[in-house]
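*Asks:* Pasting data_10.cif here (mmCIF, C-alpha atoms):
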data_target
loop_
_atom_site.label_atom_id
_atom_site.label_comp_id
_atom_site.auth_asym_id
_atom_site.auth_seq_id
_atom_site.Cartn_x
_atom_site.Cartn_y
_atom_site.Cartn_z
CA MET A 1 0.00 0.00 0.00
CA ARG A 2 2.84 2.38 0.84
CA ALA A 3 4.44 1.73 -2.55
CA SER A 4 1.24 2.52 -4.39
CA SER A 5 0.76 5.70 -2.39
CA ALA A 6 4.32 6.78 -3.07
CA LEU A 7 3.98 6.20 -6.77
CA ALA A 8 0.70 8.07 -6.97
CA ALA A 9 2.16 10.96 -5.00
CA PHE A 10 5.18 11.10 -7.26
CA VAL A 11 3.09 11.20 -10.43
CA ALA A 12 0.55 13.70 -9.17
CA LEU A 13 2.94 16.00 -7.32
CA GLY A 14 6.37 15.56 -8.86
CA ILE A 15 5.57 15.76 -12.54
CA ALA A 16 2.63 18.10 -12.03
CA SER A 17 4.97 20.77 -10.71
CA GLY A 18 8.24 19.46 -12.02
CA ALA A 19 10.84 19.73 -14.70
CA ILE A 20 8.38 19.70 -17.60
CA ALA A 21 7.53 23.31 -16.78
CA GLN A 22 11.16 24.33 -16.95
CA VAL A 23 11.05 24.48 -20.72
CA GLY A 24 8.68 27.41 -20.60
CA GLY A 25 10.10 28.82 -17.41
CA LEU A 26 13.58 29.21 -18.79
CA ALA A 27 13.50 29.10 -22.57
CA LEU A 28 16.41 31.53 -22.76
CA PRO A 29 17.28 32.89 -26.21
CA GLU A 30 20.79 34.03 -25.21
CA ASP A 31 23.49 31.94 -26.87
CA GLY A 32 26.66 34.01 -26.50
CA THR A 33 26.48 35.39 -30.05
CA PRO A 34 26.75 39.14 -30.78
CA SER A 35 22.94 39.46 -30.55
CA SER A 36 23.20 38.68 -26.83
CA GLY A 37 24.95 42.04 -26.45
CA THR A 38 21.80 43.87 -27.60
CA ALA A 39 19.24 41.82 -25.57
CA ARG A 40 18.43 40.11 -28.89
CA ALA A 41 17.29 43.38 -30.46
CA GLY A 42 17.64 43.07 -34.24
CA SER A 43 18.53 39.37 -34.02
CA ALA A 44 16.62 38.42 -37.20
CA ALA A 45 17.84 41.43 -39.21
CA VAL A 46 21.52 42.07 -38.44
CA ALA A 47 22.78 39.17 -40.60
CA ARG A 48 26.48 40.04 -40.38
CA ASP A 49 28.10 36.80 -39.13
CA ALA A 50 27.72 33.02 -38.95
CA SER A 51 25.12 33.17 -36.14
CA THR A 52 22.54 34.24 -38.72
CA SER A 53 22.41 30.55 -39.73
CA LEU A 54 20.21 30.14 -36.62
CA LEU A 55 18.78 33.63 -36.06
CA ASN A 56 17.61 34.19 -39.66
CA ALA A 57 18.93 31.75 -42.26
CA ALA A 58 17.89 34.09 -45.07
CA GLY A 59 20.60 36.49 -43.90
CA MET A 60 23.36 34.07 -44.98
CA THR A 61 23.02 35.49 -48.51
CA ARG A 62 24.66 38.70 -47.24
CA LEU A 63 27.91 36.97 -46.25
CA GLU A 64 30.72 37.16 -48.77
CA LYS A 65 32.92 34.43 -47.26
CA PRO A 66 32.37 31.21 -45.30
CA GLU A 67 32.47 31.80 -41.57
CA VAL A 68 32.45 29.68 -38.42
CA MET A 69 31.66 31.00 -34.94
CA LEU A 70 32.19 29.31 -31.58
CA THR A 71 30.42 30.71 -28.50
CA LEU A 72 30.32 30.16 -24.76
CA SER A 73 27.35 31.38 -22.70
CA PRO A 74 27.61 30.20 -19.07
CA PHE A 75 25.11 31.65 -16.62
CA VAL A 76 24.31 31.66 -12.92
CA LEU A 77 20.70 31.46 -11.77
CA ARG A 78 20.02 32.97 -8.35
CA THR A 79 16.60 32.21 -6.85
CA GLU A 80 15.53 32.50 -3.22
CA PHE A 81 12.10 31.75 -1.78
CA ASP A 82 10.50 33.91 0.92
CA PRO A 83 7.48 32.15 2.52
CA ASP A 84 4.65 34.29 3.90
CA SER A 85 2.19 33.81 6.76
CA ASN A 86 -0.26 31.86 4.56
CA SER A 87 2.24 29.06 4.02
CA THR A 88 1.52 25.89 6.04
CA ALA A 89 4.20 23.69 4.45
CA THR A 90 6.89 22.82 6.98
CA GLY A 91 10.55 23.46 6.24
CA GLY A 92 12.90 26.29 5.39
CA ASP A 93 13.22 28.64 2.43
CA GLY A 94 15.65 26.36 0.56
CA GLY A 95 18.49 28.86 0.48
CA ASP A 96 19.79 29.93 -2.92
CA GLN A 97 18.15 27.31 -5.14
CA GLY A 98 19.88 28.35 -8.36
CA ASP A 99 22.97 26.85 -9.90
CA PHE A 100 25.70 27.42 -12.49
CA PHE A 101 24.98 26.18 -16.01
CA PRO A 102 27.57 25.98 -18.81
CA ALA A 103 26.31 26.49 -22.38
CA GLY A 104 27.53 27.56 -25.79
CA GLY A 105 27.08 27.06 -29.50
CA LEU A 106 28.63 26.43 -32.89
CA PHE A 107 27.53 28.31 -36.02
CA LEU A 108 28.59 27.89 -39.63
CA ALA A 109 27.48 29.81 -42.73
CA ALA A 110 28.88 29.33 -46.22
CA PRO A 111 27.82 31.14 -49.43
CA LEU A 112 28.04 28.69 -52.33
CA THR A 113 27.04 31.10 -55.11
CA ASP A 114 25.86 34.70 -55.37
CA ARG A 115 22.32 33.48 -54.59
CA PHE A 116 22.64 30.30 -52.52
CA ALA A 117 24.12 29.66 -49.06
CA VAL A 118 24.05 26.85 -46.53
CA GLY A 119 24.49 26.81 -42.77
CA PHE A 120 24.66 24.64 -39.68
CA SER A 121 24.26 25.41 -35.98
CA VAL A 122 24.34 23.67 -32.61
CA SER A 123 22.82 25.65 -29.74
CA VAL A 124 21.38 25.21 -26.24
CA PRO A 125 17.96 26.93 -26.22
CA VAL A 126 17.01 25.61 -22.75
CA GLY A 127 19.17 24.83 -19.74
CA ILE A 128 18.58 24.89 -16.01
CA GLY A 129 19.96 23.57 -12.75
CA LEU A 130 18.05 23.85 -9.45
CA ASP A 131 19.32 22.53 -6.13
CA PRO A 132 17.37 23.75 -3.07
CA LYS A 133 18.09 22.35 0.38
CA ASP A 134 16.43 18.97 0.93
CA ASN A 135 14.42 20.16 3.94
CA TRP A 136 12.87 23.20 2.26
CA ALA A 137 9.11 23.83 2.38
CA GLY A 138 8.61 22.89 -1.29
CA ARG A 139 10.47 19.56 -1.11
CA TYR A 140 7.32 17.64 -2.08
CA TYR A 141 7.42 19.49 -5.40
CA VAL A 142 11.13 19.48 -6.16
CA THR A 143 14.52 19.03 -4.48
CA GLU A 144 16.70 19.00 -7.60
CA VAL A 145 16.24 19.64 -11.32
CA ASP A 146 18.72 19.35 -14.19
CA LEU A 147 17.43 20.02 -17.68
CA VAL A 148 19.18 20.68 -20.98
CA ALA A 149 17.93 20.95 -24.56
CA VAL A 150 20.25 20.88 -27.58
CA ASN A 151 19.15 22.14 -31.00
CA ILE A 152 21.00 20.91 -34.12
CA GLU A 153 19.94 22.82 -37.23
CA PRO A 154 21.10 22.56 -40.85
CA SER A 155 19.80 25.50 -42.89
CA PHE A 156 19.91 27.09 -46.33
CA ALA A 157 19.21 30.48 -47.93
CA PHE A 158 18.30 31.75 -51.40
CA ARG A 159 18.52 35.32 -52.69
CA ILE A 160 15.50 36.15 -54.86
CA ASP A 161 16.77 39.57 -55.97
CA GLU A 162 18.82 42.47 -54.60
CA GLN A 163 16.30 43.17 -51.83
CA TRP A 164 14.69 39.83 -50.90
CA SER A 165 16.12 36.60 -49.49
CA ILE A 166 14.43 33.53 -48.00
CA GLY A 167 15.74 30.80 -45.72
CA ALA A 168 14.71 27.61 -43.97
CA GLY A 169 16.08 25.10 -41.48
CA VAL A 170 15.36 21.76 -39.83
CA SER A 171 15.51 21.76 -36.02
CA ILE A 172 16.67 18.44 -34.59
CA GLN A 173 16.23 18.68 -30.83
CA TYR A 174 17.40 16.51 -27.95
CA VAL A 175 16.16 17.01 -24.37
CA ASP A 176 17.59 15.34 -21.27
CA PHE A 177 16.38 15.90 -17.72
CA GLU A 178 16.47 14.61 -14.18
CA GLN A 179 14.28 15.61 -11.27
CA LYS A 180 14.27 14.65 -7.59
CA LEU A 181 11.74 15.31 -4.84
CA ARG A 182 10.47 14.01 -1.51
CA ILE A 183 7.29 11.98 -0.97
CA ASN A 184 5.24 12.69 2.17
CA LEU A 185 4.28 9.22 3.39
CA PRO A 186 1.28 8.78 5.74
CA GLY A 187 1.55 8.57 9.52
CA ASN A 188 4.89 9.11 11.16
CA LEU A 189 6.85 7.46 8.38
CA PRO A 190 9.92 9.38 7.17
CA ASP A 191 9.85 11.03 3.76
CA ALA A 192 10.61 8.82 0.79
CA ARG A 193 12.88 10.06 -1.99
CA ALA A 194 11.90 9.91 -5.64
CA LYS A 195 13.82 10.43 -8.88
CA LEU A 196 12.73 10.74 -12.48
CA ASP A 197 15.00 10.90 -15.50
CA GLY A 198 14.28 10.77 -19.20
CA ASP A 199 15.17 12.07 -22.64
CA SER A 200 13.60 12.76 -26.01
CA TRP A 201 14.46 13.44 -29.67
CA ASP A 202 12.13 15.39 -31.94
CA VAL A 203 12.15 17.53 -35.09
CA GLY A 204 10.80 20.97 -36.01
CA ALA A 205 11.41 23.53 -38.73
CA SER A 206 12.15 27.21 -39.28
CA ALA A 207 11.42 29.63 -42.11
CA SER A 208 12.80 33.13 -42.52
CA LEU A 209 12.67 36.21 -44.72
CA LEU A 210 15.07 39.16 -45.10
CA TRP A 211 14.16 42.43 -46.85
CA GLU A 212 16.86 45.02 -47.61
CA PRO A 213 14.99 48.10 -48.89
CA THR A 214 18.16 50.21 -48.72
CA GLU A 215 21.86 49.63 -48.07
CA THR A 216 21.42 50.86 -44.49
CA THR A 217 18.11 49.21 -43.53
CA ARG A 218 17.18 45.56 -43.08
CA LEU A 219 13.97 43.91 -41.89
CA GLY A 220 13.82 40.23 -40.96
CA VAL A 221 11.19 37.70 -39.92
CA LEU A 222 11.85 34.30 -38.37
CA TYR A 223 9.20 31.62 -37.80
CA ARG A 224 9.86 28.51 -35.71
CA SER A 225 7.46 25.61 -35.64
CA GLN A 226 6.27 23.80 -32.55
CA VAL A 227 8.42 20.89 -31.40
CA SER A 228 6.46 18.21 -29.50
CA HIS A 229 8.64 16.13 -27.19
CA ASN A 230 7.66 12.88 -25.50
CA LEU A 231 9.98 12.33 -22.55
CA ASP A 232 10.50 8.64 -21.88
CA GLY A 233 12.44 7.69 -18.78
CA ASP A 234 12.64 5.74 -15.55
CA PHE A 235 10.99 6.20 -12.18
CA GLU A 236 12.56 5.23 -8.87
CA ALA A 237 11.32 5.77 -5.32
CA PHE A 238 13.41 5.09 -2.22
CA GLU A 239 12.60 4.75 1.46
CA ASN A 240 15.14 4.66 4.26
CA VAL A 241 14.75 0.88 4.44
CA GLY A 242 15.10 0.17 0.75
CA ALA A 243 13.80 0.81 -2.75
CA ILE A 244 10.21 0.63 -3.93
CA ASN A 245 8.67 0.81 -7.40
CA VAL A 246 12.05 0.43 -9.11
CA GLY A 247 12.08 -0.28 -12.80
CA ARG A 248 8.86 1.52 -13.72
CA SER A 249 8.96 3.50 -16.96
CA ILE A 250 7.31 6.90 -17.23
CA SER A 251 6.50 9.25 -20.10
CA SER A 252 5.23 12.79 -20.38
CA GLY A 253 4.67 15.05 -23.35
CA PHE A 254 5.38 18.76 -23.62
CA LYS A 255 5.59 21.26 -26.43
CA ILE A 256 8.19 23.89 -27.22
CA PRO A 257 5.78 26.32 -28.90
CA GLN A 258 5.82 27.93 -32.29
CA SER A 259 7.20 31.46 -32.36
CA VAL A 260 7.57 34.47 -34.64
CA THR A 261 10.29 37.13 -34.39
CA PHE A 262 10.27 40.40 -36.33
CA SER A 263 13.48 42.46 -36.29
CA ALA A 264 14.74 45.72 -37.75
CA TYR A 265 18.24 47.11 -38.29
CA HIS A 266 18.93 50.68 -39.44
CA GLU A 267 22.24 52.53 -39.75
CA ILE A 268 21.84 56.18 -38.76
CA ASN A 269 25.34 56.91 -40.03
CA ASP A 270 28.57 55.01 -40.58
CA ARG A 271 29.14 54.77 -36.80
CA VAL A 272 25.70 54.18 -35.19
CA ALA A 273 22.95 51.66 -35.91
CA LEU A 274 19.64 51.13 -34.10
CA LEU A 275 18.11 47.67 -33.65
CA GLY A 276 14.74 46.38 -32.49
CA SER A 277 12.73 43.17 -32.21
CA VAL A 278 9.18 42.05 -31.43
CA ALA A 279 8.64 38.37 -30.66
CA TRP A 280 5.61 36.14 -30.00
CA GLN A 281 5.63 32.65 -28.46
CA ASP A 282 2.55 30.42 -28.49
CA TRP A 283 2.75 29.29 -24.85
CA SER A 284 -1.06 29.20 -24.58
CA ASN A 285 -0.76 25.88 -26.42
CA PHE A 286 1.01 24.56 -23.32
CA ASN A 287 -2.33 24.08 -21.55
CA ARG A 288 -1.82 20.73 -19.84
CA THR A 289 0.71 18.04 -18.97
CA SER A 290 -0.15 14.37 -19.46
CA ILE A 291 1.79 11.69 -17.58
CA GLU A 292 1.73 7.92 -17.95
CA VAL A 293 3.43 5.45 -15.62
CA ASP A 294 3.81 1.84 -16.68
CA GLY A 295 3.29 -0.90 -14.13
CA ASP A 296 0.95 -3.69 -13.18
CA ALA A 297 -2.11 -1.51 -13.56
CA GLY A 298 -0.55 1.65 -14.98
CA THR A 299 -1.24 5.19 -13.86
CA SER A 300 -2.07 8.28 -15.89
CA VAL A 301 -2.52 11.88 -14.79
CA ASP A 302 -3.65 14.94 -16.75
CA ILE A 303 -2.69 18.29 -15.18
CA PRO A 304 -3.97 21.68 -16.39
CA ARG A 305 -1.28 24.33 -17.00
CA ASN A 306 -3.24 27.39 -18.21
CA TRP A 307 -0.26 29.21 -19.68
CA ASP A 308 -0.53 32.40 -21.74
CA ASP A 309 1.18 33.56 -24.92
CA VAL A 310 4.41 35.49 -24.35
CA TRP A 311 5.27 38.78 -26.06
CA GLY A 312 8.81 40.11 -26.13
CA PHE A 313 10.16 43.55 -27.04
CA SER A 314 13.76 44.72 -27.26
CA LEU A 315 15.72 47.78 -28.41
CA GLY A 316 19.45 48.08 -28.90
CA ALA A 317 22.32 49.88 -30.60
CA HIS A 318 25.61 49.23 -32.36
CA ILE A 319 28.25 51.91 -31.94
CA LYS A 320 31.38 51.60 -34.05
CA ALA A 321 34.05 53.13 -31.82
CA SER A 322 36.76 52.57 -34.45
CA ASP A 323 37.46 50.45 -37.49
CA GLN A 324 38.25 47.54 -35.17
CA TRP A 325 35.99 48.05 -32.14
CA LEU A 326 32.20 47.65 -32.05
CA LEU A 327 30.18 48.41 -28.90
CA MET A 328 26.71 46.93 -28.29
CA PHE A 329 23.88 47.81 -25.89
CA GLY A 330 20.30 46.63 -25.45
CA ALA A 331 17.28 46.20 -23.19
CA GLY A 332 14.27 43.91 -23.46
CA TYR A 333 11.02 42.84 -21.83
CA ASN A 334 9.10 39.54 -21.95
CA SER A 335 5.57 39.17 -20.60
CA SER A 336 4.75 36.43 -18.09
CA PRO A 337 3.56 33.07 -19.48
CA VAL A 338 1.55 32.23 -16.36
CA ASP A 339 -0.81 33.93 -13.90
CA ASP A 340 0.01 34.00 -10.19
CA GLU A 341 -2.54 31.31 -9.29
CA ASP A 342 -1.07 28.83 -11.80
CA ARG A 343 2.62 29.37 -10.99
CA THR A 344 4.49 26.31 -9.68
CA PRO A 345 7.42 26.25 -7.22
CA ASP A 346 10.01 24.35 -9.27
CA LEU A 347 11.04 27.48 -11.18
CA PRO A 348 8.29 30.09 -11.13
CA ALA A 349 8.05 31.68 -14.56
CA ASP A 350 7.17 35.36 -14.67
CA GLU A 351 7.90 38.46 -16.70
CA GLN A 352 11.52 39.11 -17.62
CA ILE A 353 13.54 42.32 -17.99
CA ARG A 354 16.92 42.18 -19.76
CA LEU A 355 19.85 44.57 -19.78
CA SER A 356 22.78 43.74 -22.05
CA ALA A 357 26.11 45.18 -23.16
CA GLY A 358 28.99 43.85 -25.21
CA PHE A 359 31.92 44.58 -27.46
CA GLU A 360 33.59 43.07 -30.52
CA TYR A 361 37.18 43.32 -31.72
CA GLU A 362 37.98 42.70 -35.39
CA MET A 363 41.61 41.65 -35.34
CA ASN A 364 41.91 41.29 -39.13
CA GLU A 365 39.89 40.21 -42.16
CA ARG A 366 39.66 36.65 -40.81
CA TRP A 367 39.33 36.84 -37.02
CA ARG A 368 36.77 38.53 -34.77
CA PHE A 369 36.41 38.19 -31.00
CA GLY A 370 33.67 39.43 -28.71
CA ALA A 371 32.18 39.35 -25.22
CA ASN A 372 28.84 40.37 -23.75
CA TYR A 373 27.01 40.38 -20.44
CA THR A 374 23.26 40.06 -19.79
CA TYR A 375 21.39 40.63 -16.56
CA ILE A 376 17.88 39.12 -16.47
CA TRP A 377 15.39 40.02 -13.74
CA LEU A 378 12.82 37.20 -13.49
CA GLY A 379 9.86 39.09 -12.05
CA ASP A 380 8.00 39.14 -8.72
CA ASN A 381 7.31 35.40 -8.84
CA GLU A 382 4.42 35.21 -6.38
CA ILE A 383 3.27 31.67 -5.66
CA ASP A 384 0.39 30.07 -3.73
CA GLN A 385 0.07 26.31 -4.24
CA ASN A 386 -1.92 23.86 -2.13
CA TYR A 387 -1.96 20.66 -4.14
CA ASN A 388 -3.28 18.46 -1.32
CA GLN A 389 -2.88 17.72 2.38
CA SER A 390 0.41 15.90 1.81
CA THR A 391 2.18 18.90 0.32
CA GLY A 392 0.70 21.58 2.52
CA ARG A 393 0.12 25.13 1.32
CA LEU A 394 3.22 26.78 -0.13
CA SER A 395 2.75 30.54 -0.30
CA GLY A 396 5.27 33.33 -0.76
CA ASP A 397 7.41 34.82 -3.49
CA TYR A 398 10.75 34.23 -5.19
CA ASP A 399 13.55 36.71 -5.67
CA ALA A 400 15.20 35.48 -8.86
CA ASP A 401 17.63 36.74 -11.48
CA ILE A 402 20.25 35.51 -13.94
CA HIS A 403 23.78 36.68 -14.69
CA MET A 404 24.95 35.50 -18.12
CA LEU A 405 28.32 35.90 -19.82
CA GLY A 406 28.81 35.51 -23.58
CA LEU A 407 32.14 34.89 -25.32
CA TYR A 408 32.66 34.27 -29.02
CA ALA A 409 35.26 33.95 -31.74
CA SER A 410 34.64 33.81 -35.49
CA TYR A 411 36.86 32.89 -38.41
CA ARG A 412 36.31 33.70 -42.09
CA TRP A 413 38.17 32.09 -44.96
#
Represent the structure of the file as structure tokens.
*Replies:*
Amino acid sequence: MRASSALAAFVALGIASGAIAQVGGLALPEDGTPSSGTARAGSAAVARDASTSLLNAAGMTRLEKPEVMLTLSPFVLRTEFDPDSNSTATGGDGGDQGDFFPAGGLFLAAPLTDRFAVGFSVSVPVGIGLDPKDNWAGRYYVTEVDLVAVNIEPSFAFRIDEQWSIGAGVSIQYVDFEQKLRINLPGNLPDARAKLDGDSWDVGASASLLWEPTETTRLGVLYRSQVSHNLDGDFEAFENVGAINVGRSISSGFKIPQSVTFSAYHEINDRVALLGSVAWQDWSNFNRTSIEVDGDAGTSVDIPRNWDDVWGFSLGAHIKASDQWLLMFGAGYNSSPVDDEDRTPDLPADEQIRLSAGFEYEMNERWRFGANYTYIWLGDNEIDQNYNQSTGRLSGDYDADIHMLGLYASYRW
């Protein structure tokens, strides 16, 4: 009976508020490329280096030589929970629940003719590590999360005429995750420990357009299709006296939503350019999570999510300090994908405000090096969850932000 209760609690509580939500909660667009220095302002319109193979494949027609770019984009997530007087869940605040996450990317763009170009990119669109203290008040939701998504994308571009280019790509995505939590067993029994891990491969697509009405103005549009992952993995639950329910397989589906980004780039003079972007993500399609656990009788759970579409806005600037030095600045805002009453305690998603700055040094005709820094404020993050008597009511707010560093080097031949 205890084993069945533990399994049911794990399915209903762990996955319901677990790592599946991380994809929406931290779908960070920063990848260490030059666009990270402008808070992604103009990302689909700049089209001046190999990173355009991912940001707007149509822009590869502007490149005169093949180019490869290698980036690093490590970040530190800081998130602390402050419970209020409404919270009945026992335990502490969990301390700083964030963690360090290494990331980066590889981008290649190669013009084959005056009209045709091909590209290839490897990027990390989602990554997160959470590690609150085991005795914190939300331990029946999560005690540890590690999630990473890798996007591999071959792409191509075709120039229609002097002003118009089109592009497309195939997104091959891999997701791997692990989540741990506690299970509140009945009576005076000590908490059980549970772990879930799984991975998934799936495929999506991108389409892009670049319009160059003048030599100093570019407008770009990037569309990304939905990618529907089915995470298949293993479930384990452990008590102090041994293991229970070992060897059960579990699966859960989630969707990385379709999105549209519109960007503009305009050179005011030969030293200053202004950049801007407007982006839409279809997170309202992430309306529920379905979980299936294999076993003697099997268990399935369907949890409402009630997420909203996300709108993003960013403005930035390029300032050419000299023939070799380029300075970059930007700021951006993303709306919250979830209302306060639907926010979960694993990583509470909320509105985001970005401030970015960076520089680039062009050593010669072949080599360029750059660095950028982005600060992301993750909103007020109010939370009030009371899943059932076992979890208790968890009420309070998170203080959360991200510090991200971007480093890159590019080579043209």
*Asks:* Restrict the calculation to all atoms listed in the file, then for each residue of stretch 9-122 of chain A with any atom at most 8 Å from an atom of stretch 265-288 of chain A give the closest atom pair and their distance in Å to one decimal, rows by chain and rising residue number, as CSV.
*Replies:*
residue,atom,partner,partner_atom,distance
A:Gly24,CA,A:Trp283,CA,7.5
A:Arg40,CA,A:Ser277,CA,7.3
A:Ala41,CA,A:Gly276,CA,4.4
A:Gly42,CA,A:Leu275,CA,4.7
A:Ser43,CA,A:Ser277,CA,7.2
A:Ala44,CA,A:Ser277,CA,7.9
A:Ala45,CA,A:Tyr265,CA,5.8
A:Val46,CA,A:Tyr265,CA,6.0
*Asks:* Have a look at atom CA of A:Asp84 and atom CA of A:Asn386 and let me know their distance in Å, one decimal.
*Replies:*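 Computing the Euclidean distance for atom CA of A:Asp84 and atom CA of A:Asn386 yields 13.7 Å.
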*Asks:* Residues picked by the PyMOL selection byres ((chain A and resi 157-162) around 8) here, as a list in words?
*Replies:*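 Selected by the PyMOL selection byres ((chain A and resi 157-162) around 8) in this file: Ala57, Ala58, Gly59, Met60, Thr61, Asp114, Arg115, Phe116, Ala117, Val118, Ser155, Phe156, Gln163, Trp164, Ser165, Ile166, Gly167, Ala168 and Glu212 of chain A.
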*Asks:* Selected residues, C-alpha atoms, written as a PDB file, keeping the file's coordinate frame, please.
*Replies:*
ATOM      1  CA  ALA A  57      18.930  31.750 -42.260  1.00  0.00           C
ATOM      2  CA  ALA A  58      17.890  34.090 -45.070  1.00  0.00           C
ATOM      3  CA  GLY A  59      20.600  36.490 -43.900  1.00  0.00           C
ATOM      4  CA  MET A  60      23.360  34.070 -44.980  1.00  0.00           C
ATOM      5  CA  THR A  61      23.020  35.490 -48.510  1.00  0.00           C
ATOM      6  CA  ASP A 114      25.860  34.700 -55.370  1.00  0.00           C
ATOM      7  CA  ARG A 115      22.320  33.480 -54.590  1.00  0.00           C
ATOM      8  CA  PHE A 116      22.640  30.300 -52.520  1.00  0.00           C
ATOM      9  CA  ALA A 117      24.120  29.660 -49.060  1.00  0.00           C
ATOM     10  CA  VAL A 118      24.050  26.850 -46.530  1.00  0.00           C
ATOM     11  CA  SER A 155      19.800  25.500 -42.890  1.00  0.00           C
ATOM     12  CA  PHE A 156      19.910  27.090 -46.330  1.00  0.00           C
ATOM     13  CA  GLN A 163      16.300  43.170 -51.830  1.00  0.00           C
ATOM     14  CA  TRP A 164      14.690  39.830 -50.900  1.00  0.00           C
ATOM     15  CA  SER A 165      16.120  36.600 -49.490  1.00  0.00           C
ATOM     16  CA  ILE A 166      14.430  33.530 -48.000  1.00  0.00           C
ATOM     17  CA  GLY A 167      15.740  30.800 -45.720  1.00  0.00           C
ATOM     18  CA  ALA A 168      14.710  27.610 -43.970  1.00  0.00           C
ATOM     19  CA  GLU A 212      16.860  45.020 -47.610  1.00  0.00           C
TER      20      GLU A 212
END
*Asks:* Using all atoms listed in the file for the distances, tell me which of A:Ala205, A:Leu231, A:Leu54, A:Ala137 is nearest to A:Ala109.
*Replies:*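 Among A:Ala205, A:Leu231, A:Leu54, A:Ala137, it is A:Leu54 that comes nearest to A:Ala109.
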*Asks:* From the options A:Asp82, A:Phe120, A:Ser225, A:Arg368, which residue's atoms come nearest to A:Arg48, counting only C-alpha atoms?
*Replies:*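 Looking only at the distances to A:Arg48, the closest residue turns out to be A:Arg368.
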*Asks:* Applying the PyMOL selection byres ((chain A and resi 135) around 12) to the file I just gave you, which residues come out? Please list them as a list of chain:residue names.
*Replies:*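 With the PyMOL selection byres ((chain A and resi 135) around 12) on this model, the match is A:Ala89, A:Thr90, A:Gly91, A:Gly92, A:Asp93, A:Gly94, A:Gly95, A:Asp131, A:Pro132, A:Lys133, A:Asp134, A:Trp136, A:Ala137, A:Gly138, A:Arg139, A:Tyr140, A:Tyr141, A:Val142, A:Thr143, A:Glu144, A:Leu181, A:Arg182, A:Ile183, A:Asn184, A:Asp191, A:Arg193.
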*Asks:* Which is closest to A:Asp234 among A:Phe177, A:Trp201, A:Tyr333, A:Trp413, if we use only C-alpha atoms?
*Replies:*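 Smallest separation from A:Asp234 among the options: A:Phe177.
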*Asks:* Output the residue selection produced by the PyMOL selection byres ((chain A and resi 72) around 6) on the file above, formatted as a ChimeraX atom specification.
*Replies:* /A:32,71,73,103-104,406-407
*Asks:* Find, counting all atoms listed in the file, the residue in A:Leu189, A:Ala39, A:Glu67, A:Tyr398 that gets nearest to A:Ser314.
*Replies:*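 Checking each of A:Leu189, A:Ala39, A:Glu67, A:Tyr398 against A:Ser314, counting all atoms listed in the file, the winner is A:Ala39.
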*Asks:* Please determine an axis-aligned box that encloses all atoms of stretch 80-93 of chain A listed in the file, with 6 Å added on each side, and express its centre and edge lengths in Å to one decimal as JSON.
*Replies:*
{"center_x": 7.6, "center_y": 28.6, "center_z": 1.9, "size_x": 27.8, "size_y": 23.5, "size_z": 22.2}
*Asks:* What gap, in Å, lies between atom CA of A:Gly129 and atom CA of A:Val170?
*Replies:*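 Interatomic distance, atom CA of A:Gly129 to atom CA of A:Val170: 27.5 Å.
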*Asks:* How many Å separate atom CA of A:Leu355 from atom CA of A:Glu30?
*Replies:*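 These two atoms are separated by 11.9 Å.
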*Asks:* Quick one: of A:Tyr408, A:Phe107, A:Phe262, A:Phe100, who's nearest to A:Gly312, counting all atoms listed in the file?
*Replies:*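 Ranked by minimum distance to A:Gly312, first place goes to A:Phe262.
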*Asks:* Which residues, written as a PDB file with C-alpha atoms, in the coordinates of the input, have at least one atom at most 12 Å from A:Gly198, with all atoms listed in the file counted and residues fewer than 6 positions away on the same chain left out?
*Replies:*
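Output (out22.pdb):
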ATOM      1  CA  ALA A  19      10.840  19.730 -14.700  1.00  0.00           C
ATOM      2  CA  ILE A  20       8.380  19.700 -17.600  1.00  0.00           C
ATOM      3  CA  ASP A 146      18.720  19.350 -14.190  1.00  0.00           C
ATOM      4  CA  LEU A 147      17.430  20.020 -17.680  1.00  0.00           C
ATOM      5  CA  VAL A 148      19.180  20.680 -20.980  1.00  0.00           C
ATOM      6  CA  TYR A 174      17.400  16.510 -27.950  1.00  0.00           C
ATOM      7  CA  VAL A 175      16.160  17.010 -24.370  1.00  0.00           C
ATOM      8  CA  ASP A 176      17.590  15.340 -21.270  1.00  0.00           C
ATOM      9  CA  PHE A 177      16.380  15.900 -17.720  1.00  0.00           C
ATOM     10  CA  GLU A 178      16.470  14.610 -14.180  1.00  0.00           C
ATOM     11  CA  GLN A 179      14.280  15.610 -11.270  1.00  0.00           C
ATOM     12  CA  HIS A 229       8.640  16.130 -27.190  1.00  0.00           C
ATOM     13  CA  ASN A 230       7.660  12.880 -25.500  1.00  0.00           C
ATOM     14  CA  LEU A 231       9.980  12.330 -22.550  1.00  0.00           C
ATOM     15  CA  ASP A 232      10.500   8.640 -21.880  1.00  0.00           C
ATOM     16  CA  GLY A 233      12.440   7.690 -18.780  1.00  0.00           C
ATOM     17  CA  ASP A 234      12.640   5.740 -15.550  1.00  0.00           C
ATOM     18  CA  PHE A 235      10.990   6.200 -12.180  1.00  0.00           C
ATOM     19  CA  GLU A 236      12.560   5.230  -8.870  1.00  0.00           C
ATOM     20  CA  SER A 249       8.960   3.500 -16.960  1.00  0.00           C
ATOM     21  CA  ILE A 250       7.310   6.900 -17.230  1.00  0.00           C
ATOM     22  CA  SER A 251       6.500   9.250 -20.100  1.00  0.00           C
ATOM     23  CA  SER A 252       5.230  12.790 -20.380  1.00  0.00           C
ATOM     24  CA  GLY A 253       4.670  15.050 -23.350  1.00  0.00           C
TER      25      GLY A 253
END
*Asks:* From the list A:Ile256, A:Met69, A:Val76, A:Ile172, which residue is nearest A:Ile128 when using all atoms listed in the file?
*Replies:* A:Val76
